[in-house]
$ cat target.cif   # mmCIF, C-alpha atoms
data_upload
loop_
_atom_site.label_atom_id
_atom_site.label_comp_id
_atom_site.auth_asym_id
_atom_site.auth_seq_id
_atom_site.Cartn_x
_atom_site.Cartn_y
_atom_site.Cartn_z
CA MET U 1 -4.52 -10.85 -12.91
CA ASN U 2 -5.99 -8.38 -10.46
CA GLY U 3 -2.52 -7.09 -9.63
CA VAL U 4 -1.20 -3.89 -8.19
CA HIS U 5 0.01 -3.00 -11.69
CA ASP U 6 -3.62 -2.31 -12.69
CA LEU U 7 -3.47 1.26 -11.42
CA GLY U 8 -6.12 3.09 -13.43
CA GLY U 9 -8.47 5.06 -11.18
CA MET U 10 -6.63 4.45 -7.89
CA HIS U 11 -6.17 7.29 -5.41
CA GLY U 12 -3.37 8.17 -3.05
CA PHE U 13 -0.26 8.29 -5.25
CA GLY U 14 0.04 12.06 -5.02
CA PRO U 15 0.63 14.69 -7.69
CA VAL U 16 2.56 14.09 -10.90
CA ARG U 17 6.00 15.65 -10.58
CA PRO U 18 7.63 16.49 -13.91
CA GLU U 19 11.41 16.80 -13.81
CA THR U 20 13.16 19.68 -15.55
CA ASP U 21 15.86 18.66 -18.06
CA GLU U 22 15.42 14.97 -17.29
CA PRO U 23 18.33 12.84 -18.54
CA VAL U 24 17.68 9.71 -20.66
CA PHE U 25 19.12 7.62 -17.83
CA HIS U 26 19.51 8.70 -14.20
CA ALA U 27 22.40 6.28 -13.71
CA PRO U 28 24.47 4.21 -16.15
CA TRP U 29 23.09 0.92 -14.78
CA GLU U 30 19.63 1.80 -16.10
CA GLY U 31 20.96 1.79 -19.66
CA ARG U 32 22.72 -1.54 -19.08
CA VAL U 33 19.45 -3.08 -17.81
CA ILE U 34 17.41 -1.99 -20.80
CA ALA U 35 20.14 -3.14 -23.21
CA MET U 36 20.48 -6.53 -21.49
CA ARG U 37 16.74 -6.96 -21.62
CA ARG U 38 16.67 -6.21 -25.34
CA LEU U 39 19.55 -8.57 -26.14
CA MET U 40 18.25 -11.37 -23.93
CA GLY U 41 15.02 -11.18 -25.90
CA ALA U 42 16.86 -13.19 -28.53
CA TRP U 43 17.13 -16.06 -26.01
CA LEU U 44 13.73 -15.56 -24.42
CA GLY U 45 11.82 -15.39 -27.71
CA TYR U 46 10.90 -11.67 -27.89
CA ASN U 47 7.58 -12.24 -26.19
CA ILE U 48 6.50 -8.77 -25.06
CA ASP U 49 3.46 -10.16 -23.27
CA ALA U 50 5.49 -12.67 -21.26
CA GLY U 51 7.88 -9.84 -20.37
CA ARG U 52 5.02 -7.68 -19.10
CA HIS U 53 3.53 -10.56 -17.14
CA ALA U 54 6.92 -11.19 -15.50
CA ILE U 55 6.83 -7.60 -14.22
CA GLU U 56 3.23 -7.93 -13.02
CA ARG U 57 4.15 -11.01 -11.04
CA LEU U 58 6.74 -9.23 -8.92
CA PRO U 59 5.60 -9.17 -5.29
CA PRO U 60 3.18 -6.20 -4.96
CA VAL U 61 5.31 -4.43 -2.36
CA ASP U 62 8.36 -4.67 -4.65
CA TYR U 63 6.30 -3.49 -7.62
CA LEU U 64 5.36 -0.29 -5.80
CA ARG U 65 8.79 0.24 -4.21
CA PHE U 66 10.97 -0.44 -7.25
CA SER U 67 11.75 2.15 -9.91
CA TYR U 68 10.90 1.26 -13.51
CA TYR U 69 14.37 -0.07 -14.25
CA GLU U 70 14.56 -1.94 -10.95
CA LYS U 71 11.35 -3.74 -11.98
CA TRP U 72 12.90 -4.55 -15.34
CA PHE U 73 16.08 -5.79 -13.69
CA GLN U 74 14.39 -8.10 -11.18
CA SER U 75 11.87 -9.47 -13.70
CA LEU U 76 14.69 -10.10 -16.19
CA ILE U 77 16.55 -12.17 -13.60
CA ASN U 78 13.34 -14.07 -12.85
CA GLN U 79 12.79 -14.79 -16.55
CA LEU U 80 16.41 -15.88 -17.11
CA VAL U 81 16.28 -18.24 -14.13
CA ALA U 82 12.91 -19.66 -15.26
CA ALA U 83 14.34 -20.24 -18.75
CA GLU U 84 17.38 -21.95 -17.16
CA LEU U 85 19.75 -19.56 -18.92
CA VAL U 86 21.28 -18.71 -15.54
CA THR U 87 21.02 -20.16 -12.03
CA PRO U 88 20.31 -18.21 -8.83
CA ASP U 89 23.82 -19.08 -7.62
CA GLU U 90 25.35 -17.63 -10.77
CA VAL U 91 23.31 -14.43 -10.33
CA ALA U 92 24.49 -14.15 -6.73
CA THR U 93 28.18 -14.56 -7.60
CA GLY U 94 28.24 -12.86 -11.00
CA HIS U 95 30.15 -15.81 -12.44
CA LYS U 96 29.20 -18.89 -14.38
CA ALA U 97 29.10 -22.20 -12.56
CA PRO U 98 32.15 -24.42 -13.12
CA GLY U 99 31.62 -26.47 -16.24
CA ALA U 100 28.65 -24.41 -17.47
CA VAL U 101 28.39 -24.21 -21.24
CA VAL U 102 29.62 -21.04 -22.95
CA ALA U 103 27.20 -19.94 -25.67
CA THR U 104 27.72 -17.70 -28.70
CA PRO U 105 25.85 -14.38 -28.59
CA PRO U 106 23.10 -14.41 -31.25
CA ILE U 107 23.23 -10.61 -31.49
CA THR U 108 26.62 -9.00 -31.92
CA LEU U 109 27.61 -5.41 -32.61
CA ALA U 110 27.54 -6.22 -36.33
CA ASN U 111 23.89 -7.27 -36.30
CA VAL U 112 22.28 -4.90 -33.82
CA GLN U 113 19.16 -3.72 -35.65
CA ALA U 114 16.65 -0.97 -35.06
CA SER U 115 14.30 -3.73 -33.93
CA THR U 116 16.76 -4.63 -31.16
CA ILE U 117 16.57 -1.09 -29.86
CA ALA U 118 12.83 -0.54 -29.82
CA PRO U 119 10.02 -3.10 -29.69
CA THR U 120 8.72 -2.47 -33.18
CA GLY U 121 7.25 -5.66 -34.55
CA SER U 122 3.67 -5.66 -35.75
CA TYR U 123 1.18 -7.67 -33.71
CA GLN U 124 -1.47 -7.47 -36.40
CA ARG U 125 -2.36 -10.82 -38.02
CA ASP U 126 -4.39 -11.49 -41.10
CA THR U 127 -6.90 -14.11 -39.94
CA GLY U 128 -9.72 -13.43 -42.39
CA ALA U 129 -12.18 -13.65 -39.49
CA ASN U 130 -15.25 -11.42 -39.60
CA PRO U 131 -15.30 -8.86 -36.82
CA ARG U 132 -18.20 -9.29 -34.39
CA PHE U 133 -18.61 -5.55 -33.86
CA ALA U 134 -18.63 -2.47 -36.09
CA PRO U 135 -17.89 1.18 -35.30
CA GLY U 136 -20.88 2.69 -33.51
CA ASP U 137 -21.92 -0.57 -31.82
CA ILE U 138 -22.63 -0.38 -28.10
CA VAL U 139 -20.67 -2.95 -26.08
CA ARG U 140 -20.11 -3.90 -22.45
CA ALA U 141 -16.67 -4.84 -21.18
CA ARG U 142 -16.96 -8.27 -19.62
CA ASN U 143 -16.85 -8.62 -15.86
CA ILE U 144 -14.06 -11.18 -15.89
CA HIS U 145 -11.15 -11.68 -13.52
CA PRO U 146 -8.52 -13.85 -15.20
CA GLU U 147 -5.74 -14.97 -12.87
CA GLY U 148 -3.23 -14.82 -15.73
CA HIS U 149 -2.17 -11.94 -17.95
CA THR U 150 -4.85 -9.68 -19.41
CA ARG U 151 -5.01 -6.19 -20.90
CA LEU U 152 -8.56 -5.53 -19.74
CA PRO U 153 -8.15 -3.08 -16.84
CA ARG U 154 -10.46 -3.42 -13.85
CA TYR U 155 -11.75 0.12 -14.19
CA VAL U 156 -13.72 -0.64 -17.37
CA ARG U 157 -15.01 -4.14 -16.52
CA GLY U 158 -18.81 -4.18 -16.54
CA HIS U 159 -19.01 -0.74 -18.16
CA VAL U 160 -20.71 0.23 -21.41
CA GLY U 161 -18.83 1.86 -24.28
CA THR U 162 -18.97 2.46 -28.02
CA ILE U 163 -16.84 0.82 -30.69
CA GLU U 164 -14.77 3.62 -32.21
CA ARG U 165 -12.41 1.81 -34.57
CA ASP U 166 -11.53 -1.68 -35.81
CA HIS U 167 -7.77 -2.38 -35.93
CA GLY U 168 -7.99 -5.84 -37.47
CA ALA U 169 -6.89 -9.03 -35.70
CA HIS U 170 -4.06 -8.67 -33.17
CA VAL U 171 -2.14 -11.18 -31.07
CA LEU U 172 -4.10 -11.85 -27.86
CA PRO U 173 -1.88 -11.11 -24.84
CA ASP U 174 -3.98 -13.33 -22.54
CA SER U 175 -2.82 -16.34 -24.58
CA HIS U 176 0.56 -15.21 -25.88
CA ALA U 177 1.94 -14.24 -22.44
CA HIS U 178 1.55 -17.85 -21.32
CA GLY U 179 3.15 -19.45 -24.37
CA ALA U 180 -0.28 -20.70 -25.46
CA GLY U 181 -0.07 -19.29 -28.99
CA GLU U 182 -0.94 -15.98 -30.59
CA ALA U 183 -4.71 -16.64 -30.79
CA PRO U 184 -5.29 -13.41 -32.75
CA GLU U 185 -8.63 -11.63 -32.31
CA THR U 186 -10.09 -8.41 -33.65
CA LEU U 187 -8.88 -5.41 -31.66
CA TYR U 188 -11.15 -2.40 -31.24
CA THR U 189 -10.76 1.08 -29.84
CA VAL U 190 -13.66 1.44 -27.41
CA ARG U 191 -14.84 4.83 -26.12
CA PHE U 192 -16.15 5.08 -22.56
CA THR U 193 -17.55 8.38 -21.33
CA ALA U 194 -15.97 9.76 -18.17
CA ARG U 195 -19.47 9.81 -16.64
CA GLU U 196 -19.98 6.09 -17.36
CA LEU U 197 -16.72 5.19 -15.61
CA TRP U 198 -16.44 7.78 -12.87
CA GLY U 199 -19.89 9.22 -12.22
CA THR U 200 -22.04 12.17 -13.09
CA THR U 201 -19.78 14.88 -11.67
CA ARG U 202 -17.40 14.50 -14.64
CA ASN U 203 -17.42 16.81 -17.63
CA GLU U 204 -20.00 15.72 -20.15
CA GLY U 205 -17.68 15.59 -23.17
CA ASP U 206 -14.74 13.84 -21.49
CA ALA U 207 -14.02 10.26 -22.52
CA ILE U 208 -11.49 7.46 -22.09
CA TYR U 209 -10.45 5.26 -25.01
CA LEU U 210 -8.97 1.77 -24.69
CA ASP U 211 -7.90 -0.83 -27.23
CA LEU U 212 -9.77 -4.01 -26.31
CA TRP U 213 -9.87 -7.47 -27.87
CA GLU U 214 -13.12 -9.04 -29.06
CA SER U 215 -13.26 -11.61 -26.24
CA TYR U 216 -13.22 -8.78 -23.70
CA LEU U 217 -16.55 -7.47 -25.03
CA ASP U 218 -20.24 -8.39 -25.16
CA PRO U 219 -23.02 -6.64 -27.12
CA ALA U 220 -24.95 -4.23 -24.90
CA MET G 1 8.32 6.38 -7.04
CA THR G 2 7.08 9.65 -8.40
CA GLY G 3 10.01 11.92 -9.02
CA ALA G 4 12.34 9.37 -7.47
CA HIS G 5 15.96 9.78 -8.38
CA HIS G 6 18.17 6.77 -8.64
CA HIS G 7 21.79 7.67 -8.50
CA ASP G 8 24.57 5.41 -9.56
CA HIS G 9 26.66 6.47 -6.63
CA ASP G 10 25.98 7.14 -2.99
CA HIS G 11 28.19 9.72 -1.39
CA ASP G 12 29.70 8.62 1.87
CA HIS G 13 30.88 10.99 4.59
CA GLU G 14 34.43 11.02 3.27
CA GLY G 15 33.30 12.26 -0.11
CA GLN G 16 34.23 9.12 -1.99
CA ASP G 17 31.86 7.77 -4.62
CA VAL G 18 30.61 4.29 -3.78
CA PRO G 19 28.60 2.40 -6.41
CA SER G 20 25.04 1.72 -5.24
CA ALA G 21 23.96 -1.81 -4.40
CA THR G 22 21.78 -1.89 -7.52
CA ALA G 23 24.63 -0.72 -9.74
CA LEU G 24 26.80 -3.52 -8.37
CA ARG G 25 24.11 -6.15 -8.90
CA VAL G 26 23.53 -4.98 -12.49
CA LYS G 27 27.27 -5.08 -13.14
CA ALA G 28 27.39 -8.63 -11.75
CA LEU G 29 24.58 -9.76 -14.04
CA GLU G 30 26.26 -8.21 -17.06
CA SER G 31 29.55 -9.95 -16.20
CA LEU G 32 27.70 -13.25 -15.86
CA LEU G 33 25.85 -12.91 -19.17
CA VAL G 34 29.08 -11.99 -20.97
CA GLU G 35 30.98 -14.87 -19.32
CA LYS G 36 28.26 -17.31 -20.41
CA GLY G 37 28.40 -16.01 -23.97
CA LEU G 38 24.78 -14.83 -23.82
CA VAL G 39 25.44 -11.19 -24.70
CA ASP G 40 28.11 -9.29 -26.60
CA PRO G 41 29.24 -6.29 -24.50
CA ALA G 42 29.84 -4.22 -27.65
CA ALA G 43 26.21 -4.81 -28.65
CA LEU G 44 25.13 -3.61 -25.18
CA ASP G 45 27.18 -0.44 -25.67
CA ALA G 46 25.61 0.15 -29.09
CA ILE G 47 22.08 -0.17 -27.72
CA VAL G 48 22.74 2.21 -24.82
CA ASP G 49 24.26 4.69 -27.28
CA ALA G 50 21.19 4.44 -29.52
CA TYR G 51 18.89 5.30 -26.61
CA GLU G 52 21.05 8.25 -25.65
CA THR G 53 21.71 9.69 -29.11
CA LYS G 54 19.50 8.21 -31.85
CA ILE G 55 15.91 7.94 -30.64
CA GLY G 56 14.09 10.80 -29.02
CA PRO G 57 11.28 13.32 -29.31
CA ARG G 58 12.83 15.15 -32.25
CA ASN G 59 11.53 12.35 -34.49
CA GLY G 60 7.97 13.01 -33.34
CA ALA G 61 8.54 16.76 -33.68
CA ARG G 62 9.38 16.28 -37.36
CA VAL G 63 6.09 14.43 -37.87
CA VAL G 64 4.15 17.24 -36.18
CA ALA G 65 5.91 19.99 -38.13
CA ARG G 66 5.23 18.19 -41.42
CA ALA G 67 1.54 17.85 -40.50
CA TRP G 68 1.35 21.55 -39.66
CA THR G 69 2.81 22.63 -43.00
CA ASP G 70 1.40 20.00 -45.40
CA PRO G 71 -2.40 19.46 -45.25
CA ALA G 72 -2.25 16.38 -47.48
CA TYR G 73 0.36 14.83 -45.17
CA LYS G 74 -1.77 15.65 -42.13
CA ALA G 75 -4.76 13.91 -43.72
CA ARG G 76 -2.68 10.78 -44.38
CA LEU G 77 -1.27 10.91 -40.85
CA LEU G 78 -4.67 11.03 -39.19
CA GLN G 79 -6.08 8.37 -41.52
CA ASP G 80 -3.25 5.81 -41.19
CA ALA G 81 -0.33 7.03 -39.10
CA THR G 82 2.10 4.13 -39.51
CA PRO G 83 2.93 4.59 -43.22
CA ALA G 84 2.71 8.37 -42.91
CA ILE G 85 5.31 8.38 -40.13
CA ALA G 86 7.46 5.95 -42.14
CA GLU G 87 7.54 8.54 -44.96
CA ILE G 88 9.68 10.78 -42.74
CA GLY G 89 12.34 8.11 -42.83
CA PHE G 90 13.49 7.21 -39.33
CA MET G 91 11.54 3.96 -38.93
CA GLY G 92 13.09 0.71 -40.03
CA SER G 93 11.35 -2.06 -41.92
CA GLU G 94 9.48 -3.17 -38.81
CA ARG G 95 6.90 -0.66 -37.72
CA PRO G 96 4.81 -0.22 -34.62
CA HIS G 97 1.08 0.32 -35.10
CA MET G 98 0.83 4.10 -34.70
CA ILE G 99 -2.25 6.23 -34.16
CA VAL G 100 -2.18 10.03 -34.20
CA VAL G 101 -4.89 12.01 -32.42
CA GLU G 102 -5.41 15.70 -33.11
CA ASN G 103 -5.86 18.50 -30.60
CA THR G 104 -8.27 21.26 -31.62
CA PRO G 105 -9.71 24.31 -29.83
CA THR G 106 -12.49 22.02 -28.50
CA THR G 107 -10.68 18.68 -28.03
CA HIS G 108 -7.58 17.88 -25.96
CA ASN G 109 -5.94 14.44 -26.10
CA LEU G 110 -3.82 12.82 -23.38
CA VAL G 111 -1.90 9.52 -23.62
CA VAL G 112 -1.28 7.11 -20.74
CA CYS G 113 -0.63 3.42 -20.10
CA THR G 114 -2.35 2.45 -16.85
CA LEU G 115 -1.22 -1.22 -16.92
CA CYS G 116 2.49 -0.66 -17.56
CA SER G 117 4.28 2.17 -19.38
CA CYS G 118 3.63 1.69 -23.13
CA TYR G 119 4.96 4.70 -25.00
CA PRO G 120 5.78 5.45 -28.65
CA TRP G 121 9.55 4.91 -28.38
CA LEU G 122 10.30 5.35 -32.05
CA VAL G 123 8.84 8.85 -32.21
CA LEU G 124 9.43 10.07 -28.63
CA GLY G 125 12.35 8.03 -27.27
CA LEU G 126 12.25 6.49 -23.81
CA PRO G 127 9.48 7.72 -21.51
CA PRO G 128 10.22 10.21 -18.73
CA VAL G 129 9.99 9.09 -15.08
CA TRP G 130 6.69 10.91 -14.53
CA TYR G 131 5.02 8.98 -17.39
CA LYS G 132 5.97 5.70 -15.68
CA SER G 133 5.00 6.90 -12.20
CA THR G 134 2.14 5.41 -10.21
CA ALA G 135 0.76 8.94 -9.80
CA TYR G 136 0.37 9.50 -13.54
CA ARG G 137 -0.79 5.98 -14.38
CA SER G 138 -3.45 5.95 -11.65
CA ARG G 139 -4.82 9.46 -12.11
CA ALA G 140 -4.70 10.19 -15.84
CA VAL G 141 -7.90 8.22 -16.49
CA ILE G 142 -9.94 9.31 -13.46
CA ASP G 143 -8.73 12.91 -13.12
CA PRO G 144 -7.07 14.00 -16.36
CA ARG G 145 -7.84 17.66 -15.73
CA GLY G 146 -6.12 17.44 -12.36
CA VAL G 147 -3.09 15.82 -13.98
CA LEU G 148 -2.96 18.57 -16.60
CA ALA G 149 -3.09 21.12 -13.79
CA ASP G 150 0.01 19.47 -12.29
CA PHE G 151 1.70 20.45 -15.56
CA GLY G 152 0.32 23.99 -15.35
CA LEU G 153 -2.31 23.46 -18.04
CA THR G 154 -5.91 24.38 -17.18
CA LEU G 155 -8.62 23.61 -19.72
CA GLY G 156 -12.11 25.10 -19.83
CA ASP G 157 -15.30 23.06 -19.60
CA ASP G 158 -15.86 23.77 -23.30
CA VAL G 159 -12.84 21.60 -24.16
CA ALA G 160 -13.48 17.85 -24.23
CA VAL G 161 -10.64 15.79 -22.77
CA ARG G 162 -9.94 12.46 -24.46
CA VAL G 163 -7.65 10.05 -22.62
CA TRP G 164 -6.03 7.23 -24.59
CA ASP G 165 -5.05 4.25 -22.39
CA SER G 166 -2.45 2.25 -24.36
CA THR G 167 -3.69 -1.26 -23.58
CA ALA G 168 -2.59 -2.92 -26.86
CA GLU G 169 0.35 -2.85 -29.28
CA THR G 170 -0.94 0.42 -30.66
CA ARG G 171 1.02 3.55 -29.86
CA TYR G 172 -0.48 7.01 -29.60
CA LEU G 173 1.01 10.35 -30.58
CA VAL G 174 -0.80 13.63 -29.98
CA LEU G 175 -0.79 16.17 -32.81
CA PRO G 176 -0.76 19.42 -30.83
CA GLU G 177 -2.32 22.66 -32.07
CA ARG G 178 -0.02 24.91 -34.07
CA PRO G 179 0.34 28.07 -32.00
CA ALA G 180 -0.53 31.52 -33.32
CA GLY G 181 2.44 33.61 -34.34
CA THR G 182 4.21 30.80 -36.20
CA GLU G 183 2.90 31.65 -39.67
CA GLY G 184 6.34 32.72 -40.88
CA MET G 185 8.17 29.63 -39.59
CA ASP G 186 9.27 26.83 -41.91
CA GLU G 187 9.02 23.11 -41.16
CA GLU G 188 12.44 22.87 -39.54
CA ALA G 189 11.87 25.88 -37.31
CA LEU G 190 8.48 24.51 -36.30
CA ALA G 191 10.00 21.13 -35.40
CA GLY G 192 12.29 23.04 -33.06
CA ILE G 193 9.42 24.31 -30.90
CA VAL G 194 7.46 21.04 -30.61
CA THR G 195 8.04 19.51 -27.17
CA ARG G 196 7.80 15.93 -26.00
CA ASP G 197 5.19 16.88 -23.42
CA SER G 198 2.95 18.41 -26.11
CA MET G 199 3.03 15.11 -28.04
CA VAL G 200 2.00 13.14 -24.93
CA GLY G 201 -0.73 15.70 -24.36
CA VAL G 202 0.32 17.26 -21.04
CA ALA G 203 1.26 20.62 -22.56
CA LYS G 204 0.50 22.94 -25.45
CA VAL G 205 3.14 24.12 -27.88
CA VAL G 206 4.15 27.71 -27.19
CA VAL G 207 6.31 30.09 -29.19
CA PRO G 208 9.52 30.54 -27.23
#

$ encode --input "target.cif" --output "structure tokens"
Amino acid sequence: MNGVHDLGGMHGFGPVRPETDEPVFHAPWEGRVIAMRRLMGAWLGYNIDAGRHAIERLPPVDYLRFSYYEKWFQSLINQLVAAELVTPDEVATGHKAPGAVVATPPITLANVQASTIAPTGSYQRDTGANPRFAPGDIVRARNIHPEGHTRLPRYVRGHVGTIERDHGAHVLPDSHAHGAGEAPETLYTVRFTARELWGTTRNEGDAIYLDLWESYLDPA
Amino acid sequence: MTGAHHHDHDHDHEGQDVPSATALRVKALESLLVEKGLVDPAALDAIVDAYETKIGPRNGARVVARAWTDPAYKARLLQDATPAIAEIGFMGSERPHMIVVENTPTTHNLVVCTLCSCYPWLVLGLPPVWYKSTAYRSRAVIDPRGVLADFGLTLGDDVAVRVWDSTAETRYLVLPERPAGTEGMDEEALAGIVTRDSMVGVAKVVVP
């Protein structure tokens, strides 16, 4: 979707402000949000693409106003309500509705794994399909505007780049985010020169690299 | 959002700490999920503890220090980073698809995620606020040299800047240049001078 999350190349957000001695969390609630999100993945199906799309679908004004963890918090609530794990009334009161079923946590202290802490699973799939492109091939990113989830940023659409590397077939977010299956496709690192994307005033050797799926690309 | 601070408590005029509205809402959601049997609070505690004490940039620093001191390791790392990083021993059985890109006197690499905030958690821990900011995500691809200047790093025109936009489930780690004057340092000492920022590509490693 052509959402406000697709920030690459936009102006007006000011300088980057690094923080000295930044803590892991700026408030304890941030840690609780990230931990709840990881544990609720067991109920929601650990679909990283659906999780990202839930954040992208926050109202644009909220997306820009919220901090990172506020975005995670609100999108988690939205996902839990959509999955009927909680109701809006329960979220408002902080208590389960009378008569609501009490479940058993699928992940307990005894079975917290490294994979519960960081999203680590491989998204590579062995499909046996022949890649359409090879390193060195010249390609053009398609000028497409899907209304659903995609990982093809607007700033490269229509632009010409070079295939740098073939990563094998990977789960296609455009399908997976919508529960439409993994639909794995060959993933390539594509090199775009800074001049191709941003004009001739850029340094000649500068380049931007993106990992793009086969259906995002045409021969050029 | 850039540089925004989100405190757990607002200070009222009488000096008492009052939990923020967000903190209260998060607490309410946690209570609800526990009451419904959806999460185990002890598991929540364990995950928060892991973020605060177990994952962080020292893991990435060990990878860099090994690459600086062992040419065969560096070759494996640049060829296929995932198994090479696993050799160091802090990854579990499930592994993210890692790619390591090398800085040289004529090439400088910078990592960003313009669409969200993808970041190599297992080697660097959770990303800093600036990495997730709209300022960094919008500008790193169109004005990387300006972004580097925000960090106090100015590169000459003879250095090519390569920006890696993390659009897939591939995670990028920059192998910074080993600074001069470190010839006598062993792997452990070298790991001690490698910073998080140098492995994202917004700084060089300097000898303290």

$ closest_residue --input "target.cif" --among "G:Asn59, G:Thr182, G:Ser166, G:Ser198" --to "chain U" --atoms "all atoms listed in the file"
G:Ser166

$ residues_near_point --input "target.cif" --point "(23.2, 6.9, -27.4)" --cutoff "12 Å" --atoms "all atoms listed in the file" --output "number ranges by chain"
U: 23-25, 28, 31-32, 35, 117; G: 44-56, 125-126

$ write_last_selection --input "target.cif" --atoms "C-alpha atoms" --output "compact mmCIF listing (two decimals), in the coordinates of the input"
# COMPACT_ATOMS: atom_id res chain seq x y z
CA PRO U 23 18.33 12.84 -18.54
CA VAL U 24 17.68 9.71 -20.66
CA PHE U 25 19.12 7.62 -17.83
CA PRO U 28 24.47 4.21 -16.15
CA GLY U 31 20.96 1.79 -19.66
CA ARG U 32 22.72 -1.54 -19.08
CA ALA U 35 20.14 -3.14 -23.21
CA ILE U 117 16.57 -1.09 -29.86
CA LEU G 44 25.13 -3.61 -25.18
CA ASP G 45 27.18 -0.44 -25.67
CA ALA G 46 25.61 0.15 -29.09
CA ILE G 47 22.08 -0.17 -27.72
CA VAL G 48 22.74 2.21 -24.82
CA ASP G 49 24.26 4.69 -27.28
CA ALA G 50 21.19 4.44 -29.52
CA TYR G 51 18.89 5.30 -26.61
CA GLU G 52 21.05 8.25 -25.65
CA THR G 53 21.71 9.69 -29.11
CA LYS G 54 19.50 8.21 -31.85
CA ILE G 55 15.91 7.94 -30.64
CA GLY G 56 14.09 10.80 -29.02
CA GLY G 125 12.35 8.03 -27.27
CA LEU G 126 12.25 6.49 -23.81

$ atom_distance --input "target.cif" --atom1 "CA of Leu7 (chain U)" --atom2 "CA of Thr114 (chain G)"
5.7 Å

$ atom_distance --input "target.cif" --atom1 "CA of Ala141 (chain U)" --atom2 "CA of Leu210 (chain U)"
10.7 Å

$ residues_around --input "target.cif" --residues "Thr104 (chain G)" --least-positions-apart "5" --cutoff "10 Å" --atoms "only C-alpha atoms" --output "list in words"
Asn109, Val159, Ala160, Leu175, Pro176, Glu177 and Arg178 of chain G

$ resolve_selection --input "target.cif" --expression "the PyMOL selection byres ((chain G) within 6 of (chain U))" --output "JSON, numbers by chain"
{"G": [3, 7, 8, 23, 28, 29, 32, 36, 37, 38, 39, 40, 42, 43, 44, 47, 48, 94, 95, 96, 114, 115, 130, 135, 136, 138, 139, 142, 160, 161, 162, 163, 164, 165, 167, 168]}

$ atom_distance --input "target.cif" --atom1 "CA of Glu35 (chain G)" --atom2 "CA of Thr22 (chain G)"
19.8 Å

$ axis_aligned_box --input "target.cif" --around "region 79-87 of chain U" --padding-each-side "5 Å" --output "lines of an AutoDock Vina configuration file"
center_x = 17.0
center_y = -18.4
center_z = -15.5
size_x = 18.5
size_y = 17.2
size_z = 16.9

$ residues_near_point --input "target.cif" --point "(6.5, 22.1, -24.5)" --cutoff "9 Å" --atoms "all atoms listed in the file" --output "ChimeraX atom specification"
/G:193-199,202-206

$ write_last_selection --input "target.cif" --atoms "C-alpha atoms" --output "PDB file, in the frame of the given file"
ATOM      1  CA  ILE G 193       9.420  24.310 -30.900  1.00  0.00           C
ATOM      2  CA  VAL G 194       7.460  21.040 -30.610  1.00  0.00           C
ATOM      3  CA  THR G 195       8.040  19.510 -27.170  1.00  0.00           C
ATOM      4  CA  ARG G 196       7.800  15.930 -26.000  1.00  0.00           C
ATOM      5  CA  ASP G 197       5.190  16.880 -23.420  1.00  0.00           C
ATOM      6  CA  SER G 198       2.950  18.410 -26.110  1.00  0.00           C
ATOM      7  CA  MET G 199       3.030  15.110 -28.040  1.00  0.00           C
ATOM      8  CA  VAL G 202       0.320  17.260 -21.040  1.00  0.00           C
ATOM      9  CA  ALA G 203       1.260  20.620 -22.560  1.00  0.00           C
ATOM     10  CA  LYS G 204       0.500  22.940 -25.450  1.00  0.00           C
ATOM     11  CA  VAL G 205       3.140  24.120 -27.880  1.00  0.00           C
ATOM     12  CA  VAL G 206       4.150  27.710 -27.190  1.00  0.00           C
TER      13      VAL G 206
END

$ residues_around --input "target.cif" --residues "Ala189 (chain G)" --least-positions-apart "6" --cutoff "12 Å" --atoms "all atoms listed in the file" --output "number ranges by chain"
G: 58, 61-62, 64-66, 68-69, 182-183, 207-208

$ residues_around --input "target.cif" --residues "Pro120 (chain G)" --least-positions-apart "2" --cutoff "9 Å" --atoms "only C-alpha atoms" --output "ChimeraX atom specification"
/G:96,98,118,122-127,170-173
